[in-house]
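The structure file data09.txt is reproduced below (compact mmCIF, C-alpha atoms and all ligand atoms).
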# COMPACT_ATOMS: atom_id res chain seq x y z
CA MET S 1 12.89 19.60 19.20
CA GLU S 2 10.52 16.80 18.31
CA SER S 3 11.39 15.07 15.04
CA PRO S 4 8.83 15.44 12.24
CA LYS S 5 6.26 12.66 12.08
CA GLN S 6 7.00 10.19 9.29
CA SER S 7 3.60 10.96 7.77
CA THR S 8 4.90 14.44 7.00
CA VAL S 9 8.11 13.11 5.43
CA LEU S 10 6.42 12.19 2.16
CA SER S 11 6.21 15.27 -0.05
CA GLN S 12 2.87 16.35 -1.46
CA ASP S 13 4.23 15.63 -4.96
CA ASP S 14 5.15 12.06 -4.02
CA ARG S 15 1.78 11.55 -2.37
CA GLU S 16 -0.05 12.77 -5.47
CA ARG S 17 2.15 10.66 -7.71
CA LEU S 18 1.43 7.53 -5.67
CA LEU S 19 -2.32 8.16 -5.50
CA GLN S 20 -2.36 8.71 -9.25
CA ALA S 21 -0.42 5.48 -9.90
CA ALA S 22 -2.75 3.56 -7.55
CA SER S 23 -5.88 4.91 -9.29
CA GLU S 24 -4.42 4.11 -12.68
CA VAL S 25 -3.85 0.43 -11.85
CA ALA S 26 -7.11 -0.05 -9.90
CA VAL S 27 -9.07 -0.21 -13.16
CA ARG S 28 -7.00 -3.22 -14.22
CA ALA S 29 -8.02 -5.31 -11.18
CA TYR S 30 -9.55 -8.75 -11.66
CA ALA S 31 -12.47 -8.65 -9.26
CA PRO S 32 -15.46 -10.52 -10.72
CA TYR S 33 -16.64 -11.69 -7.28
CA SER S 34 -16.55 -8.58 -5.10
CA GLY S 35 -16.68 -5.97 -7.84
CA ILE S 36 -14.19 -3.93 -5.78
CA HIS S 37 -11.30 -2.76 -7.92
CA VAL S 38 -8.33 -1.85 -5.75
CA GLY S 39 -5.03 -0.29 -6.81
CA ALA S 40 -1.85 0.22 -4.83
CA ALA S 41 1.45 1.92 -5.58
CA VAL S 42 4.76 1.61 -3.74
CA LEU S 43 7.43 4.30 -3.69
CA THR S 44 10.93 2.91 -3.18
CA GLY S 45 14.12 4.48 -1.87
CA CYS S 46 15.33 4.80 -5.49
CA GLY S 47 12.28 6.90 -6.35
CA GLU S 48 10.70 4.16 -8.44
CA VAL S 49 6.97 3.47 -8.31
CA TYR S 50 5.58 -0.09 -8.52
CA GLN S 51 1.91 -0.78 -8.99
CA GLY S 52 -0.35 -3.68 -8.04
CA CYS S 53 -4.06 -4.50 -8.21
CA ASN S 54 -6.24 -7.12 -6.56
CA VAL S 55 -6.59 -10.45 -8.34
CA GLU S 56 -9.51 -12.59 -7.19
CA ASN S 57 -10.03 -16.31 -7.56
CA ALA S 58 -13.00 -18.70 -7.61
CA SER S 59 -11.34 -20.26 -4.57
CA TYR S 60 -11.82 -17.04 -2.61
CA GLY S 61 -8.93 -17.47 -0.18
CA LEU S 62 -6.42 -17.38 -3.04
CA THR S 63 -7.27 -13.76 -3.78
CA ILE S 64 -4.33 -11.37 -3.58
CA CYS S 65 -4.83 -7.80 -2.44
CA ALA S 66 -3.52 -4.81 -4.37
CA GLU S 67 -1.06 -3.81 -1.63
CA ARG S 68 0.66 -7.19 -1.55
CA ALA S 69 0.73 -7.34 -5.36
CA ALA S 70 2.44 -3.91 -5.42
CA ILE S 71 4.98 -4.89 -2.74
CA PHE S 72 5.79 -8.13 -4.56
CA ASN S 73 6.28 -6.21 -7.80
CA ALA S 74 8.68 -3.86 -5.99
CA VAL S 75 10.65 -6.83 -4.65
CA SER S 76 10.77 -8.35 -8.14
CA GLY S 77 11.91 -5.04 -9.59
CA GLU S 78 14.64 -4.08 -7.16
CA GLY S 79 15.54 -7.27 -5.30
CA GLY S 80 14.38 -8.03 -1.79
CA ASP S 81 17.67 -7.27 -0.07
CA ALA S 82 18.15 -3.89 -1.72
CA LEU S 83 14.56 -2.73 -1.50
CA GLU S 84 13.60 0.24 0.65
CA VAL S 85 9.85 0.74 0.81
CA ARG S 86 9.22 4.43 1.53
CA ALA S 87 5.50 4.61 1.06
CA ILE S 88 2.44 2.80 -0.25
CA ALA S 89 -0.86 4.26 -1.41
CA VAL S 90 -4.13 2.37 -1.83
CA VAL S 91 -7.40 3.41 -3.46
CA THR S 92 -10.41 1.87 -5.19
CA SER S 93 -11.44 2.72 -8.73
CA ASP S 94 -14.69 4.28 -7.49
CA GLN S 95 -13.14 6.36 -4.69
CA MET S 96 -14.65 4.19 -1.95
CA PRO S 97 -12.94 4.41 1.44
CA ILE S 98 -10.43 1.59 1.94
CA SER S 99 -7.57 0.82 4.28
CA PRO S 100 -5.07 -2.05 4.10
CA CYS S 101 -6.34 -5.36 5.50
CA GLY S 102 -4.54 -7.07 8.37
CA ALA S 103 -2.56 -9.43 6.14
CA CYS S 104 -1.32 -6.55 4.00
CA ARG S 105 -0.38 -4.56 7.12
CA GLN S 106 1.82 -7.45 8.23
CA VAL S 107 3.48 -7.63 4.79
CA ILE S 108 4.06 -3.85 4.69
CA ALA S 109 5.51 -3.97 8.23
CA GLU S 110 8.12 -6.46 7.00
CA PHE S 111 9.82 -3.48 5.34
CA GLY S 112 10.09 -1.40 8.49
CA PRO S 113 7.88 0.56 10.88
CA ASP S 114 8.33 3.91 9.13
CA VAL S 115 6.70 3.04 5.81
CA VAL S 116 4.17 5.79 5.05
CA VAL S 117 0.70 4.48 4.21
CA VAL S 118 -1.69 6.71 2.25
CA TYR S 119 -5.31 5.71 1.74
CA ARG S 120 -8.77 7.08 1.20
CA ALA S 121 -10.43 7.01 4.61
CA SER S 122 -14.07 7.96 5.15
CA GLY S 123 -13.06 11.53 5.94
CA GLY S 124 -10.69 11.92 2.97
CA ILE S 125 -7.08 11.03 2.18
CA ARG S 126 -5.17 9.87 5.26
CA SER S 127 -1.40 9.64 5.52
CA THR S 128 0.05 7.66 8.42
CA THR S 129 2.69 5.01 9.12
CA ILE S 130 2.53 1.25 9.26
CA ARG S 131 3.74 1.54 12.86
CA GLU S 132 0.50 3.31 13.66
CA LEU S 133 -1.69 0.93 11.65
CA LEU S 134 -0.06 -2.22 13.05
CA PRO S 135 1.51 -1.57 16.45
CA ASP S 136 3.55 -4.44 17.84
CA ALA S 137 3.78 -6.18 14.46
CA PHE S 138 4.95 -9.78 14.55
CA GLN S 139 8.66 -10.09 13.88
CA LEU S 140 11.36 -12.68 14.23
CA ASP S 141 14.41 -11.53 16.15
N1 LIG N 1 -8.71 -5.85 -1.10
C1 LIG N 1 -7.52 -5.27 -1.43
O1 LIG N 1 -7.05 -5.36 -2.56
N2 LIG N 1 -6.87 -4.57 -0.45
C2 LIG N 1 -7.32 -4.42 0.83
O2 LIG N 1 -6.62 -3.86 1.66
C3 LIG N 1 -8.63 -4.92 1.21
C4 LIG N 1 -9.30 -5.80 0.23
C5 LIG N 1 -9.43 -6.58 -2.14
C6 LIG N 1 -9.46 -8.08 -1.94
C7 LIG N 1 -10.73 -8.46 -2.64
O3 LIG N 1 -10.43 -8.68 -4.02
C8 LIG N 1 -11.62 -7.24 -2.54
O4 LIG N 1 -10.79 -6.17 -2.17
C9 LIG N 1 -12.75 -7.39 -1.53
O5 LIG N 1 -12.27 -7.83 -0.31

Could you take the file, read its structure, and then write that structure out as structure tokens?
Amino acid sequence: MESPKQSTVLSQDDRERLLQAASEVAVRAYAPYSGIHVGAAVLTGCGEVYQGCNVENASYGLTICAERAAIFNAVSGEGGDALEVRAIAVVTSDQMPISPCGACRQVIAEFGPDVVVVYRASGGIRSTTIRELLPDAFQLD
């Protein structure tokens, strides 16, 4: 029998919890330039949730996206070697469609191809895997 798709592995409760945590932190973003307030939440193997929001800068390129902020918080919280990233959710404070940018996809992929990614697409909430969003991700091996 075919194994269940990873996108179905995240329970509805966990998905709701992550979306809620992402919405909660989105309003704390620092986004005076774009006005787009993004929130992300990471679920780890321990069941902990770590949040992150986008932080912009007058030197635009120094801006950090919500997804990377959330991942870095998870690493700081649990230690990079021990960390298992199960899932990440991303939303904006005004329910605009958003999906992780290319740089964030590469950073999420660092933690394995099966990480579930949940985001608000134009047709509604989408749950997929980083493998699907970034096939053939760059890796050193
Ligand atoms: N942004 C994120 O936080 N995550 C994404 O995946 C895409 C873009 C932020 C960066 C910037 O502060 C604003 O959205 C507009 O690009």

Pick out the closest residue to Gly47 (chain S) from this set: S:Arg86, S:Asp13, S:Ile125, S:Gly35. Count only C-alpha atoms. S:Arg86

Test item: residues at most 10 Å from Ala21 (chain S), all atoms listed in the file, excluding those fewer than 4 positions along its chain, as a VMD selection string: chain S and resid 15 to 17 25 to 26 39 to 42 49 to 52 89 to 91

Residues at most 10 Å from Asp136 (chain S), counting all atoms listed in the file, excluding those fewer than 3 positions away in the same chain, as a PyMOL selection string? chain S and resi 109+113+131-133+139

Kindly list the centre and edge lengths in Å, rounded to one decimal, for the axis-aligned box that covers all listed atoms of region 90-94 of chain S plus 6 Å on each of its six sides, as lines of an AutoDock Vina configuration file.
center_x = -9.4
center_y = 3.1
center_z = -5.3
size_x = 22.6
size_y = 14.4
size_z = 18.9

Return as a ChimeraX atom specification every polymer residue, whether protein, DNA or RNA, with at least one atom no more than 9 Å from an atom of ligand LIG 1 (chain N); count all atoms listed in the file. /S:29-40,52-57,60,63-69,90-92,98-105

How far is it from CA of Leu10 (chain S) to CA of Asp81 (chain S), in Å with one decimal?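 Interatomic distance, CA of Leu10 (chain S) to CA of Asp81 (chain S): 22.6 Å.
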
Show which residues sit within 12 Å of Ser11 (chain S), as number ranges by chain. Count all atoms listed in the file, and ignore same-chain residues fewer than 6 positions away. S: 17-18, 43, 86-87, 116, 118, 127

Between CA of Gln95 (chain S) and CA of Arg28 (chain S), what is the distance in Å, rounded to a tenth? 14.8 Å

Length of the CA of Glu78 (chain S) to CA of Val115 (chain S) vector [Å]: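 A separation of 16.8 Å between them.
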
Considering only C-alpha atoms, can you say which of S:Asp94, S:Ala22, S:Arg120, S:Thr44 comes closest to Gly80 (chain S)?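 Closest to Gly80 (chain S), using only C-alpha atoms: S:Thr44.
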
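With all atoms listed in the file as the basis for measurement, S:Val85 is the residue among S:Val85, S:Thr128, S:Pro135, S:Ala74 that approaches Gly112 (chain S) most closely.
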
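With distances restricted to all atoms listed in the file, S:Ile108 is the closest residue to Ile71 (chain S) from S:Ser59, S:Pro97, S:Ile108, S:Gly45.
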
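Shortest atom-to-atom contact with Gly77 (chain S) among S:Ala58, S:Val27, S:Cys46, S:Leu134: S:Cys46, counting all atoms listed in the file.
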
Please complete region 54-67 of chain S with N, CA, C and O atoms and give it back as a compact mmCIF listing (two decimals), in the frame of the given file.
# COMPACT_ATOMS: atom_id res chain seq x y z
N ASN S 54 -5.74 -5.87 -7.12
CA ASN S 54 -6.24 -7.12 -6.56
C ASN S 54 -6.58 -8.11 -7.67
O ASN S 54 -7.05 -7.72 -8.75
N VAL S 55 -6.30 -9.38 -7.40
CA VAL S 55 -6.59 -10.45 -8.34
C VAL S 55 -7.37 -11.51 -7.58
O VAL S 55 -6.82 -12.14 -6.67
N GLU S 56 -8.65 -11.65 -7.92
CA GLU S 56 -9.51 -12.59 -7.19
C GLU S 56 -9.47 -13.97 -7.83
O GLU S 56 -8.92 -14.15 -8.92
N ASN S 57 -10.03 -14.93 -7.09
CA ASN S 57 -10.03 -16.31 -7.56
C ASN S 57 -11.33 -16.99 -7.13
O ASN S 57 -11.86 -16.66 -6.06
N ALA S 58 -11.78 -17.95 -7.94
CA ALA S 58 -13.00 -18.70 -7.61
C ALA S 58 -12.85 -19.38 -6.26
O ALA S 58 -13.82 -19.57 -5.53
N SER S 59 -11.65 -19.75 -5.91
CA SER S 59 -11.34 -20.26 -4.57
C SER S 59 -10.96 -19.03 -3.75
O SER S 59 -9.80 -18.62 -3.71
N TYR S 60 -11.95 -18.40 -3.12
CA TYR S 60 -11.82 -17.04 -2.61
C TYR S 60 -10.52 -16.74 -1.84
O TYR S 60 -9.95 -15.67 -1.96
N GLY S 61 -10.10 -17.70 -1.04
CA GLY S 61 -8.93 -17.47 -0.18
C GLY S 61 -7.64 -17.23 -0.96
O GLY S 61 -6.65 -16.77 -0.39
N LEU S 62 -7.64 -17.57 -2.23
CA LEU S 62 -6.42 -17.38 -3.04
C LEU S 62 -6.30 -15.96 -3.58
O LEU S 62 -5.30 -15.61 -4.22
N THR S 63 -7.30 -15.16 -3.33
CA THR S 63 -7.27 -13.76 -3.78
C THR S 63 -6.05 -13.04 -3.22
O THR S 63 -5.68 -13.23 -2.06
N ILE S 64 -5.45 -12.21 -4.06
CA ILE S 64 -4.33 -11.37 -3.58
C ILE S 64 -4.79 -9.91 -3.60
O ILE S 64 -5.40 -9.46 -4.56
N CYS S 65 -4.47 -9.21 -2.54
CA CYS S 65 -4.83 -7.80 -2.44
C CYS S 65 -3.86 -6.94 -3.26
O CYS S 65 -2.71 -7.34 -3.51
N ALA S 66 -4.32 -5.74 -3.58
CA ALA S 66 -3.52 -4.81 -4.37
C ALA S 66 -2.20 -4.45 -3.67
O ALA S 66 -1.15 -4.35 -4.32
N GLU S 67 -2.26 -4.25 -2.37
CA GLU S 67 -1.06 -3.81 -1.63
C GLU S 67 0.05 -4.86 -1.71
O GLU S 67 1.21 -4.55 -1.95
